[in-house]
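Okay, model-v6.cif is below, mmCIF, N, CA, C and O atoms:
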```cif
data_upload
loop_
_atom_site.label_atom_id
_atom_site.label_comp_id
_atom_site.auth_asym_id
_atom_site.auth_seq_id
_atom_site.Cartn_x
_atom_site.Cartn_y
_atom_site.Cartn_z
N MET A 1 0.84 -1.17 0.00
CA MET A 1 0.00 0.00 0.00
C MET A 1 0.90 1.24 0.00
O MET A 1 1.89 1.29 0.70
N ALA A 2 0.50 2.24 -0.77
CA ALA A 2 1.27 3.47 -0.84
C ALA A 2 1.08 4.30 0.43
O ALA A 2 -0.02 4.40 0.95
N ARG A 3 2.15 4.87 0.91
CA ARG A 3 2.08 5.72 2.10
C ARG A 3 2.03 7.17 1.65
O ARG A 3 2.71 7.57 0.71
N GLN A 4 1.23 7.95 2.35
CA GLN A 4 1.09 9.37 2.06
C GLN A 4 1.18 10.14 3.37
O GLN A 4 0.81 9.63 4.42
N SER A 5 1.64 11.35 3.27
CA SER A 5 1.63 12.23 4.43
C SER A 5 0.67 13.36 4.11
O SER A 5 0.85 14.09 3.13
N ILE A 6 -0.38 13.48 4.92
CA ILE A 6 -1.36 14.54 4.68
C ILE A 6 -1.60 15.29 5.98
O ILE A 6 -1.39 14.77 7.08
N SER A 7 -2.05 16.53 5.84
CA SER A 7 -2.36 17.37 7.00
C SER A 7 -3.85 17.62 7.04
O SER A 7 -4.51 17.72 6.01
N PHE A 8 -4.39 17.71 8.26
CA PHE A 8 -5.80 17.98 8.47
C PHE A 8 -5.96 19.25 9.27
O PHE A 8 -5.12 19.57 10.10
N THR A 9 -7.07 19.92 9.04
CA THR A 9 -7.40 21.05 9.91
C THR A 9 -7.71 20.49 11.30
O THR A 9 -8.02 19.29 11.44
N LYS A 10 -7.65 21.32 12.29
CA LYS A 10 -7.88 20.85 13.66
C LYS A 10 -9.26 20.19 13.82
O LYS A 10 -9.35 19.10 14.39
N PRO A 11 -10.35 20.82 13.33
CA PRO A 11 -11.66 20.17 13.49
C PRO A 11 -11.72 18.80 12.79
O PRO A 11 -12.30 17.86 13.32
N ASN A 12 -11.13 18.71 11.61
CA ASN A 12 -11.16 17.43 10.90
C ASN A 12 -10.32 16.38 11.62
O ASN A 12 -10.72 15.22 11.71
N ASP A 13 -9.18 16.78 12.15
CA ASP A 13 -8.34 15.84 12.88
C ASP A 13 -9.05 15.36 14.15
O ASP A 13 -9.02 14.17 14.47
N GLU A 14 -9.72 16.27 14.83
CA GLU A 14 -10.45 15.89 16.04
C GLU A 14 -11.59 14.93 15.70
O GLU A 14 -11.85 13.97 16.44
N TRP A 15 -12.27 15.16 14.58
CA TRP A 15 -13.35 14.28 14.17
C TRP A 15 -12.80 12.89 13.84
O TRP A 15 -13.37 11.88 14.25
N LEU A 16 -11.68 12.85 13.11
CA LEU A 16 -11.05 11.57 12.79
C LEU A 16 -10.67 10.81 14.06
O LEU A 16 -10.94 9.61 14.19
N LYS A 17 -10.05 11.52 15.00
CA LYS A 17 -9.66 10.89 16.26
C LYS A 17 -10.87 10.36 17.01
O LYS A 17 -10.82 9.27 17.59
N ALA A 18 -11.97 11.11 17.01
CA ALA A 18 -13.19 10.68 17.71
C ALA A 18 -13.73 9.39 17.10
O ALA A 18 -14.19 8.51 17.82
N GLN A 19 -13.68 9.27 15.77
CA GLN A 19 -14.17 8.05 15.12
C GLN A 19 -13.33 6.85 15.53
O GLN A 19 -13.85 5.76 15.78
N VAL A 20 -12.03 7.04 15.61
CA VAL A 20 -11.13 5.96 16.03
C VAL A 20 -11.34 5.66 17.51
O VAL A 20 -11.44 4.48 17.90
N ASP A 21 -11.47 6.70 18.34
CA ASP A 21 -11.69 6.50 19.78
C ASP A 21 -13.00 5.78 20.06
O ASP A 21 -13.11 5.00 21.01
N ASN A 22 -14.01 6.02 19.21
CA ASN A 22 -15.32 5.38 19.37
C ASN A 22 -15.35 3.97 18.78
O ASN A 22 -16.41 3.35 18.73
N LYS A 23 -14.19 3.52 18.33
CA LYS A 23 -14.05 2.18 17.76
C LYS A 23 -14.82 2.00 16.45
O LYS A 23 -15.13 0.89 16.05
N GLU A 24 -15.17 3.13 15.81
CA GLU A 24 -15.80 3.04 14.50
C GLU A 24 -14.81 2.50 13.47
O GLU A 24 -15.17 1.76 12.57
N TYR A 25 -13.56 2.90 13.63
CA TYR A 25 -12.47 2.48 12.75
C TYR A 25 -11.26 2.19 13.63
O TYR A 25 -11.12 2.74 14.71
N SER A 26 -10.38 1.35 13.11
CA SER A 26 -9.19 1.01 13.91
C SER A 26 -8.07 2.04 13.75
O SER A 26 -7.16 2.07 14.57
N SER A 27 -8.15 2.86 12.70
CA SER A 27 -7.11 3.88 12.49
C SER A 27 -7.65 4.99 11.60
O SER A 27 -8.67 4.82 10.91
N LYS A 28 -6.96 6.11 11.61
CA LYS A 28 -7.33 7.22 10.72
C LYS A 28 -7.19 6.78 9.26
O LYS A 28 -8.01 7.15 8.42
N SER A 29 -6.17 5.99 8.97
CA SER A 29 -5.96 5.53 7.60
C SER A 29 -7.15 4.72 7.10
O SER A 29 -7.60 4.88 5.96
N GLU A 30 -7.65 3.83 7.96
CA GLU A 30 -8.81 3.02 7.57
C GLU A 30 -10.01 3.91 7.29
O GLU A 30 -10.73 3.72 6.31
N LEU A 31 -10.22 4.91 8.13
CA LEU A 31 -11.33 5.84 7.95
C LEU A 31 -11.18 6.64 6.67
O LEU A 31 -12.13 6.76 5.88
N VAL A 32 -10.01 7.18 6.41
CA VAL A 32 -9.79 7.98 5.20
C VAL A 32 -9.99 7.10 3.96
O VAL A 32 -10.64 7.53 2.99
N ASN A 33 -9.49 5.86 3.99
CA ASN A 33 -9.71 4.96 2.86
C ASN A 33 -11.19 4.68 2.66
O ASN A 33 -11.67 4.63 1.52
N ASP A 34 -11.95 4.51 3.74
CA ASP A 34 -13.39 4.28 3.62
C ASP A 34 -14.09 5.50 3.02
O ASP A 34 -14.97 5.36 2.17
N LEU A 35 -13.71 6.69 3.47
CA LEU A 35 -14.30 7.91 2.92
C LEU A 35 -14.00 8.04 1.42
O LEU A 35 -14.88 8.45 0.64
N ILE A 36 -12.80 7.68 1.03
CA ILE A 36 -12.44 7.74 -0.40
C ILE A 36 -13.25 6.72 -1.19
O ILE A 36 -13.76 7.02 -2.27
N ARG A 37 -13.42 5.50 -0.65
CA ARG A 37 -14.24 4.49 -1.33
C ARG A 37 -15.67 5.00 -1.50
O ARG A 37 -16.27 4.84 -2.57
N GLN A 38 -16.22 5.62 -0.47
CA GLN A 38 -17.57 6.16 -0.57
C GLN A 38 -17.66 7.26 -1.63
O GLN A 38 -18.63 7.31 -2.39
N ALA A 39 -16.67 8.13 -1.66
CA ALA A 39 -16.65 9.21 -2.66
C ALA A 39 -16.54 8.64 -4.07
O ALA A 39 -17.19 9.14 -5.00
N ARG A 40 -15.72 7.60 -4.24
CA ARG A 40 -15.58 6.98 -5.56
C ARG A 40 -16.90 6.34 -6.00
O ARG A 40 -17.31 6.47 -7.15
N LYS A 41 -17.59 5.68 -5.08
CA LYS A 41 -18.88 5.06 -5.38
C LYS A 41 -19.89 6.14 -5.77
O LYS A 41 -20.64 5.99 -6.73
N GLN A 42 -19.89 7.22 -5.02
CA GLN A 42 -20.80 8.33 -5.32
C GLN A 42 -20.49 8.92 -6.69
O GLN A 42 -21.40 9.26 -7.46
N GLN A 43 -19.20 9.02 -7.03
CA GLN A 43 -18.83 9.58 -8.33
C GLN A 43 -19.33 8.69 -9.48
O GLN A 43 -19.75 9.19 -10.52
N ILE A 44 -19.31 7.38 -9.27
CA ILE A 44 -19.84 6.46 -10.29
C ILE A 44 -21.32 6.75 -10.52
O ILE A 44 -21.79 6.79 -11.67
N GLN A 45 -22.04 6.97 -9.44
CA GLN A 45 -23.47 7.27 -9.55
C GLN A 45 -23.70 8.60 -10.28
O GLN A 45 -24.56 8.70 -11.15
N VAL A 46 -22.92 9.60 -9.92
CA VAL A 46 -23.03 10.91 -10.57
C VAL A 46 -22.71 10.80 -12.05
O VAL A 46 -23.42 11.35 -12.90
N ASP A 47 -21.65 10.05 -12.38
CA ASP A 47 -21.28 9.87 -13.78
C ASP A 47 -22.38 9.17 -14.56
O ASP A 47 -22.65 9.51 -15.72
N TRP A 48 -23.02 8.15 -13.94
CA TRP A 48 -24.10 7.43 -14.61
C TRP A 48 -25.26 8.37 -14.90
O TRP A 48 -25.79 8.40 -16.02
N ILE A 49 -25.65 9.17 -13.90
CA ILE A 49 -26.75 10.12 -14.09
C ILE A 49 -26.39 11.15 -15.15
O ILE A 49 -27.20 11.47 -16.02
N ARG A 50 -25.16 11.65 -15.11
CA ARG A 50 -24.72 12.64 -16.10
C ARG A 50 -24.78 12.05 -17.51
O ARG A 50 -25.24 12.71 -18.45
N ALA A 51 -24.33 10.81 -17.66
CA ALA A 51 -24.36 10.16 -18.97
C ALA A 51 -25.79 10.00 -19.47
O ALA A 51 -26.08 10.23 -20.66
N LYS A 52 -26.70 9.61 -18.57
CA LYS A 52 -28.11 9.48 -18.95
C LYS A 52 -28.69 10.84 -19.37
O LYS A 52 -29.43 10.93 -20.35
N LEU A 53 -28.36 11.89 -18.62
CA LEU A 53 -28.85 13.21 -18.97
C LEU A 53 -28.31 13.69 -20.31
O LEU A 53 -29.05 14.24 -21.14
N GLU A 54 -27.02 13.45 -20.53
CA GLU A 54 -26.42 13.86 -21.81
C GLU A 54 -27.04 13.08 -22.97
O GLU A 54 -27.32 13.66 -24.02
N LYS A 55 -27.26 11.78 -22.76
CA LYS A 55 -27.89 10.97 -23.80
C LYS A 55 -29.29 11.49 -24.10
O LYS A 55 -29.68 11.63 -25.27
N ALA A 56 -30.04 11.80 -23.04
CA ALA A 56 -31.39 12.31 -23.23
C ALA A 56 -31.38 13.67 -23.93
O ALA A 56 -32.20 13.91 -24.83
N GLU A 57 -30.45 14.52 -23.55
CA GLU A 57 -30.36 15.84 -24.19
C GLU A 57 -30.00 15.71 -25.66
O GLU A 57 -30.53 16.43 -26.51
N ASN A 58 -29.09 14.78 -25.97
CA ASN A 58 -28.65 14.62 -27.35
C ASN A 58 -29.69 13.91 -28.22
O ASN A 58 -29.79 14.19 -29.42
N SER A 59 -30.47 13.01 -27.66
CA SER A 59 -31.44 12.27 -28.44
C SER A 59 -32.82 12.92 -28.42
O SER A 59 -33.65 12.62 -29.27
N GLY A 60 -33.04 13.76 -27.45
CA GLY A 60 -34.34 14.40 -27.34
C GLY A 60 -35.27 13.63 -26.41
O GLY A 60 -36.07 14.21 -25.72
N PHE A 61 -35.16 12.31 -26.40
CA PHE A 61 -36.01 11.47 -25.56
C PHE A 61 -35.21 10.30 -25.02
O PHE A 61 -34.28 9.84 -25.65
N SER A 62 -35.62 9.81 -23.87
CA SER A 62 -35.03 8.60 -23.31
C SER A 62 -36.05 7.48 -23.43
O SER A 62 -37.25 7.70 -23.20
N SER A 63 -35.60 6.30 -23.79
CA SER A 63 -36.53 5.17 -23.88
C SER A 63 -36.81 4.57 -22.51
O SER A 63 -37.75 3.79 -22.36
N ASP A 64 -36.01 4.92 -21.50
CA ASP A 64 -36.22 4.41 -20.14
C ASP A 64 -37.36 5.16 -19.47
O ASP A 64 -37.47 6.38 -19.60
N SER A 65 -38.19 4.40 -18.76
CA SER A 65 -39.25 5.06 -17.99
C SER A 65 -38.65 5.67 -16.73
O SER A 65 -37.55 5.30 -16.31
N LYS A 66 -39.39 6.58 -16.13
CA LYS A 66 -38.89 7.17 -14.88
C LYS A 66 -38.76 6.11 -13.80
O LYS A 66 -37.85 6.17 -12.98
N GLU A 67 -39.62 5.10 -13.84
CA GLU A 67 -39.54 4.00 -12.88
C GLU A 67 -38.26 3.20 -13.08
O GLU A 67 -37.59 2.79 -12.13
N ASP A 68 -37.89 2.95 -14.36
CA ASP A 68 -36.66 2.22 -14.67
C ASP A 68 -35.43 2.99 -14.20
O ASP A 68 -34.51 2.42 -13.61
N ILE A 69 -35.43 4.29 -14.47
CA ILE A 69 -34.29 5.12 -14.07
C ILE A 69 -34.18 5.15 -12.55
O ILE A 69 -33.10 4.99 -11.99
N LEU A 70 -35.31 5.30 -11.87
CA LEU A 70 -35.30 5.32 -10.41
C LEU A 70 -34.83 3.98 -9.84
O LEU A 70 -34.00 3.93 -8.93
N ALA A 71 -35.33 2.87 -10.41
CA ALA A 71 -34.93 1.54 -9.93
C ALA A 71 -33.44 1.32 -10.13
O ALA A 71 -32.75 0.79 -9.25
N HIS A 72 -32.92 1.74 -11.28
CA HIS A 72 -31.49 1.57 -11.54
C HIS A 72 -30.66 2.43 -10.58
O HIS A 72 -29.64 1.98 -10.05
N SER A 73 -31.11 3.65 -10.34
CA SER A 73 -30.40 4.54 -9.42
C SER A 73 -30.37 3.93 -8.02
O SER A 73 -29.33 3.93 -7.34
N LYS A 74 -31.49 3.38 -7.58
CA LYS A 74 -31.55 2.76 -6.26
C LYS A 74 -30.66 1.53 -6.18
O LYS A 74 -30.04 1.28 -5.16
N SER A 75 -30.59 0.78 -7.28
CA SER A 75 -29.72 -0.41 -7.27
C SER A 75 -28.26 -0.03 -7.13
O SER A 75 -27.49 -0.74 -6.52
N LEU A 76 -27.87 1.11 -7.70
CA LEU A 76 -26.50 1.58 -7.57
C LEU A 76 -26.20 1.95 -6.12
O LEU A 76 -25.08 1.75 -5.65
N LEU A 77 -27.17 2.49 -5.43
CA LEU A 77 -26.99 2.87 -4.03
C LEU A 77 -26.80 1.65 -3.14
O LEU A 77 -26.14 1.71 -2.12
N ASN A 78 -27.39 0.54 -3.53
CA ASN A 78 -27.35 -0.67 -2.71
C ASN A 78 -26.17 -1.56 -3.03
O ASN A 78 -25.98 -2.57 -2.38
N ASP A 79 -25.36 -1.21 -4.01
CA ASP A 79 -24.19 -2.03 -4.36
C ASP A 79 -23.12 -1.96 -3.31
O ASP A 79 -22.91 -1.06 -2.61
#
```

Please render this file's structure as structure tokens.
Amino acid sequence: MARQSISFTKPNDEWLKAQVDNKEYSSKSELVNDLIRQARKQQIQVDWIRAKLEKAENSGFSSDSKEDILAHSKSLLND
């Protein structure tokens, strides 16, 4: 695993320490990696929605129903 040296503002560092102290995570590194994984997952969802919107804008219409789009969006959240 690659090692990095990063600095946090005092409030962020205190929040990270509190999560570790509360046994939510075993280390700050584990917590930061989890936050990054969550952000990456969220970005995938944003990219999917953006692609659907661009496709709809370019084609004029989407063949997917609003129910289909909603169901697919919810399935991405549950992955």

Atomic separation - atom CA of A:Asp13 relative to atom C of A:Arg40, Å: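 According to the coordinates, atom C of A:Arg40 and atom CA of A:Asp13 are separated by 22.8 Å.
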
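Nearest residue to A:Val32 among A:Leu70, A:Met1, A:Leu77, A:Leu16 is A:Leu16, counting all atoms listed in the file.
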
Helix (DSSP H, G or I) residues, from DSSP on the backbone, in chain A, as a PyMOL selection string: chain A and resi 10-21+28-59+66-77

Interatomic distance, atom O of A:Phe61 to atom N of A:Gln42 (Å, one decimal):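 Atom O of A:Phe61 sits 25.3 Å away from atom N of A:Gln42.
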
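This file, queried with the PyMOL selection byres (((chain A and resi 71-73 and name CA) around 12) and name CA), gives the residues Gln42, Ile44, Gln45, Val46, Asp47, Trp48, Ile49, Arg50, Lys52, Asp64, Ser65, Lys66, Glu67, Asp68, Ile69, Leu70, Lys74, Ser75, Leu76, Leu77, Asn78 and Asp79 of chain A.
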
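Between atom CA of A:Gln19 and atom CA of A:Arg3 lies a distance of 21.0 Å.
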
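Using only C-alpha atoms, the shortest contact distance between A:Phe8 and any of A:Val20, A:Gln38, A:Ser59, A:Lys28 is found at A:Lys28.
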